[in-house]
Amino acid sequence: MTWDGGHPGWTVVSADTQGLHVEQAGQPMIVGWQSIRAVEGDHADEVRPFLPDGETAWRALSRLNRGDAFGAEPLFESLFETYVGIPGPTSAAISEGLLRCRLRRDARAAALEAWLDLYANLSASPSRQAHWGVNSPAIDDESLLAPALPPLWFDGQAARAFADMPAPTSTAAAADEVAWAMRVLYRAAARQTAGYPVDPADLSRAVTLAARREGSDFVANMVMAQLGGEQARRDARLMLDRQRLAGGPRWRAVWATIAIGRSLLREDGASQRRRGVLELLSVHALNPDVSPYLTGLALADAALGCEGLGDDHAARVLTGELRNGFPTHPVLEWPALRELWGQGPGRLSTP
């Protein structure tokens with residue numbers, strides 16, 4: 001029996017930590033424990049040990065779907081450590097629910113941990129059930145990326161928290177090498193932002209592996225546009241621009257635009273850096289509603305870019321726009337930005 005009161009016409013085959021293995025119309029399926037309320041008959045004793053966690057997951061999902069992320073998150077947390085890293089539908093439901101809860105309170109580093117586990121899980125799922133029954137508003141169905149979690153950081157608490165996490169081991173790549181690569185890429189971007197060293201061998205391998213899959217290749221180009229050497233940055237910008245021109249969801253265009261803008265700000269030429277500022281400002285001008293978080297981040301980058309070009313007036317105006325339009329944005333705690341408006345030594349002050 002399922003939690004919605006249904007009695008599906010399944011033939012039960014077996015049970016394990018990830019769910020009930022059944023057949024329906026001759027097709028094998030795995031149904032996560034978050035959907036199963038009870039099983040009667042020959043497999044009842046086999047199923048019984050898995051039902052308590054399934055009930056906890058069901059209660060957590062029910063709360064989350066009612067809008068009670070605050071009440072749901074501790075339930076997901078209580079299950080996550082047990083199920084993390086294990087592919088299957090029950091783990092997918094837990095990490096997806098935890099992802100949504102952490103995004104609700106804007107805990108970005110913690111949300112990334114949940115999403116990366118979900119990404120690895122969905123990447124490893126069998127083709128007959130490609131999404132393990134997960135239909136999530138937090139992830140893009142085609143790329144499995146989380147639109148709210150780009151590899152774009154500023155030097156703050158979230159970047160340092162993620163940068164300080166242990167490096168993923170090479171054995172983690174055995175189940176799904178692209179999932180390992182994604183973790184390396186996000187961590188490298190965080191470490192570079194926080195001023196920590198980045199392992200060039202791991203980064204190079206991750207870029208190569210990420211090229212195998214749509215979505216992960218996009219992330220690799222974004223990271224290399226920000227971290228790579230001069231030629232690597234140029235090549236990555238070219239690829240991002242092509243992907244941006246090819247169309248697709250607006251959030252991808254915003255991701256690409258910020259990565260291109262940031263990349264151009266790293267160049268030596270003033271004309272290239274001015275182009276970088278214009279790229280960043282285009283997010284605020286053309287796509288301000290796609291992601292307020294990224295719009296604020298783009299404004300902060302543009303302000304710092306103007307200050308670096310010696311345009312103090314533009315930097316002051318953009319800083320004021322950011323503070324007035326996004327008064328609770330976490331980027332306002334960025335030390336470089338705080339210095340810019342006079343809360344640190346040797347920078348501008350706003351009237």
# chains A, B, ... in the order shown; residues from 1 in each chain; ligands from 1
$ residues_around --residues "stretch 307-313 of chain A" --least-positions-apart "5" --cutoff "12 Å" --atoms "only C-alpha atoms" --output "ChimeraX atom specification"
/A:265-277,300-302,318-320,336-337,339-341,346-351
$ residues_around --residues "A:Cys101" --least-positions-apart "6" --cutoff "8 Å" --atoms "only C-alpha atoms" --output "PyMOL selection string"
chain A and resi 64+69-70+72-73
$ write_last_selection --atoms "N, CA and C atoms" --output "PDB file, in the first residue's frame"
ATOM      1  N   LEU A  64       7.398  19.543   3.311  1.00  0.00           N
ATOM      2  CA  LEU A  64       8.012  20.431   2.321  1.00  0.00           C
ATOM      3  C   LEU A  64       7.013  20.837   1.257  1.00  0.00           C
ATOM      4  N   ALA A  69       9.271  24.141   4.950  1.00  0.00           N
ATOM      5  CA  ALA A  69      10.661  23.719   4.800  1.00  0.00           C
ATOM      6  C   ALA A  69      11.368  23.688   6.154  1.00  0.00           C
ATOM      7  N   PHE A  70      10.986  24.583   7.058  1.00  0.00           N
ATOM      8  CA  PHE A  70      11.599  24.634   8.384  1.00  0.00           C
ATOM      9  C   PHE A  70      11.372  23.329   9.142  1.00  0.00           C
ATOM     10  N   ALA A  72      10.536  20.439   7.689  1.00  0.00           N
ATOM     11  CA  ALA A  72      10.982  19.287   6.902  1.00  0.00           C
ATOM     12  C   ALA A  72      12.487  19.068   6.990  1.00  0.00           C
ATOM     13  N   GLU A  73      13.260  20.148   7.083  1.00  0.00           N
ATOM     14  CA  GLU A  73      14.714  20.003   6.981  1.00  0.00           C
ATOM     15  C   GLU A  73      15.323  19.094   8.038  1.00  0.00           C
TER      16      GLU A  73
END
$ closest_residue --among "A:Ala194, A:Val178, A:Pro249, A:Val254" --to "A:Ala220" --atoms "only C-alpha atoms"
A:Val178
$ select_by_dssp --residues "stretch 132-340 of chain A" --states "alpha helix (DSSP H)" --output "PyMOL selection string"
chain A and resi 157-163+177-194+200-210+216-227+230-245+250-265+270-286+292-308+312-325+335-340
$ atom_distance --atom1 "atom CA of A:His329" --atom2 "atom CA of A:His284"
14.6 Å
$ residues_around --residues "A:Arg160" --least-positions-apart "6" --cutoff "9 Å" --atoms "only C-alpha atoms" --output "JSON, numbers by chain"
{"A": [109, 190, 191, 193, 194]}
$ residues_around --residues "A:Ser204" --least-positions-apart "3" --cutoff "10 Å" --atoms "only C-alpha atoms" --output "ChimeraX atom specification"
/A:181,184-185,199-201,207-210,220,224,228
$ write_last_selection --atoms "C-alpha atoms" --output "PDB file, in the first residue's frame"
ATOM      1  CA  ALA A 181      34.370  16.230 -11.967  1.00  0.00           C
ATOM      2  CA  VAL A 184      36.050  19.282  -8.315  1.00  0.00           C
ATOM      3  CA  LEU A 185      34.947  22.165 -10.556  1.00  0.00           C
ATOM      4  CA  ASP A 199      45.138  21.462  -7.662  1.00  0.00           C
ATOM      5  CA  PRO A 200      45.914  21.902 -11.394  1.00  0.00           C
ATOM      6  CA  ALA A 201      46.009  18.156 -12.095  1.00  0.00           C
ATOM      7  CA  VAL A 207      37.534  19.618 -17.305  1.00  0.00           C
ATOM      8  CA  THR A 208      38.288  16.633 -19.566  1.00  0.00           C
ATOM      9  CA  LEU A 209      35.678  14.436 -17.881  1.00  0.00           C
ATOM     10  CA  ALA A 210      33.071  17.192 -17.817  1.00  0.00           C
ATOM     11  CA  ALA A 220      33.613  23.483 -16.987  1.00  0.00           C
ATOM     12  CA  MET A 224      37.827  27.894 -16.816  1.00  0.00           C
ATOM     13  CA  GLY A 228      42.165  29.426 -16.523  1.00  0.00           C
TER      14      GLY A 228
END
$ residues_around --residues "A:Arg48" --least-positions-apart "6" --cutoff "12 Å" --atoms "only C-alpha atoms" --output "ChimeraX atom specification"
/A:15-17,19-20,33,36-42,54-55
$ closest_residue --among "A:Asn135, A:Asn121, A:Thr169, A:Thr257" --to "A:Val84" --atoms "only C-alpha atoms"
A:Asn121
$ residues_around --residues "A:Thr90" --least-positions-apart "6" --cutoff "10 Å" --atoms "only C-alpha atoms" --output "list of chain:residue names"
A:Thr17, A:Gln18, A:Gly19, A:Leu20, A:Ile30, A:Val31, A:Gly32, A:Trp33, A:Gln34, A:Ser35, A:Asp53, A:Gly54, A:Ala57, A:Leu79, A:Tyr83, A:Glu96, A:Trp132, A:Gly133, A:Val134
$ write_last_selection --atoms "N, CA and C atoms" --output "CSV table (one decimal), in the first residue's frame"
chain,number,residue,atom,x,y,z
A,17,THR,N,17.7,-1.4,0.8
A,17,THR,CA,17.7,0.0,1.4
A,17,THR,C,17.2,1.1,0.5
A,18,GLN,N,17.2,0.9,-0.8
A,18,GLN,CA,16.7,1.9,-1.7
A,18,GLN,C,15.3,1.8,-2.1
A,19,GLY,N,14.6,0.7,-1.8
A,19,GLY,CA,13.2,0.6,-2.1
A,19,GLY,C,12.7,-0.8,-2.4
A,20,LEU,N,11.5,-0.8,-2.9
A,20,LEU,CA,10.8,-2.1,-3.2
A,20,LEU,C,11.0,-2.4,-4.7
A,30,ILE,N,11.9,0.2,-9.3
A,30,ILE,CA,12.3,0.3,-7.9
A,30,ILE,C,11.5,1.5,-7.4
A,31,VAL,N,10.7,1.2,-6.3
A,31,VAL,CA,9.9,2.3,-5.7
A,31,VAL,C,10.5,2.7,-4.4
A,32,GLY,N,10.8,3.9,-4.3
A,32,GLY,CA,11.4,4.4,-3.1
A,32,GLY,C,10.6,4.2,-1.8
A,33,TRP,N,11.2,4.1,-0.7
A,33,TRP,CA,10.5,3.8,0.6
A,33,TRP,C,9.6,5.0,1.0
A,34,GLN,N,9.9,6.2,0.5
A,34,GLN,CA,9.1,7.3,0.8
A,34,GLN,C,7.7,7.2,0.3
A,35,SER,N,7.5,6.2,-0.6
A,35,SER,CA,6.1,6.0,-1.2
A,35,SER,C,5.4,4.8,-0.6
A,53,ASP,N,12.3,4.5,8.1
A,53,ASP,CA,13.0,5.5,7.3
A,53,ASP,C,12.1,6.0,6.2
A,54,GLY,N,11.3,5.1,5.6
A,54,GLY,CA,10.4,5.5,4.6
A,54,GLY,C,9.3,6.5,5.1
A,57,ALA,N,10.9,9.9,5.6
A,57,ALA,CA,11.0,10.6,4.3
A,57,ALA,C,9.7,11.1,3.8
A,79,LEU,N,18.1,11.7,7.9
A,79,LEU,CA,18.3,10.6,7.0
A,79,LEU,C,19.5,10.7,6.0
A,83,TYR,N,22.0,7.9,3.9
A,83,TYR,CA,21.8,7.5,2.5
A,83,TYR,C,22.7,8.2,1.5
A,96,GLU,N,17.1,15.4,-2.7
A,96,GLU,CA,16.4,16.4,-3.4
A,96,GLU,C,15.6,17.3,-2.4
A,132,TRP,N,14.5,8.4,-11.3
A,132,TRP,CA,14.1,7.7,-10.0
A,132,TRP,C,12.8,8.3,-9.5
A,133,GLY,N,12.0,8.8,-10.4
A,133,GLY,CA,10.7,9.3,-9.9
A,133,GLY,C,10.8,10.8,-9.3
A,134,VAL,N,12.0,11.4,-9.4
A,134,VAL,CA,12.2,12.7,-8.9
A,134,VAL,C,11.8,13.7,-10.0
$ atom_distance --atom1 "atom CA of A:Leu281" --atom2 "atom CA of A:Val317"
12.3 Å
$ closest_residue --among "A:Ala138, A:Leu99, A:Leu280, A:Leu61" --to "A:Cys306" --atoms "only C-alpha atoms"
A:Leu280
$ residues_around --residues "A:Gly261" --least-positions-apart "2" --cutoff "6 Å" --atoms "only C-alpha atoms" --output "PyMOL selection string"
chain A and resi 258-259+263-264+276+279-280
$ select_by_dssp --residues "stretch 25-103 of chain A" --states "strand (DSSP E or B)" --output "VMD selection string"
chain A and resid 27 to 31 36
$ closest_residue --among "A:Leu238, A:Ser136, A:Gly156, A:Ala225" --to "A:Asn65" --atoms "only C-alpha atoms"
A:Ser136
$ decode --residues "stretch 316-329 of chain A" --atoms "C-alpha atoms" --output "PDB file, in the first residue's frame"
ATOM      1  CA  ARG A 316      29.897  54.697  -6.378  1.00  0.00           C
ATOM      2  CA  VAL A 317      26.666  54.716  -8.401  1.00  0.00           C
ATOM      3  CA  LEU A 318      26.644  50.928  -8.825  1.00  0.00           C
ATOM      4  CA  THR A 319      27.411  50.372  -5.163  1.00  0.00           C
ATOM      5  CA  GLY A 320      24.476  52.587  -4.255  1.00  0.00           C
ATOM      6  CA  GLU A 321      22.243  50.699  -6.692  1.00  0.00           C
ATOM      7  CA  LEU A 322      23.249  47.432  -5.071  1.00  0.00           C
ATOM      8  CA  ARG A 323      22.731  48.617  -1.516  1.00  0.00           C
ATOM      9  CA  ASN A 324      19.361  50.208  -2.284  1.00  0.00           C
ATOM     10  CA  GLY A 325      18.014  47.474  -4.541  1.00  0.00           C
ATOM     11  CA  PHE A 326      19.382  44.456  -2.666  1.00  0.00           C
ATOM     12  CA  PRO A 327      19.735  45.539   0.990  1.00  0.00           C
ATOM     13  CA  THR A 328      19.866  41.970   2.344  1.00  0.00           C
ATOM     14  CA  HIS A 329      22.118  40.473  -0.329  1.00  0.00           C
TER      15      HIS A 329
END
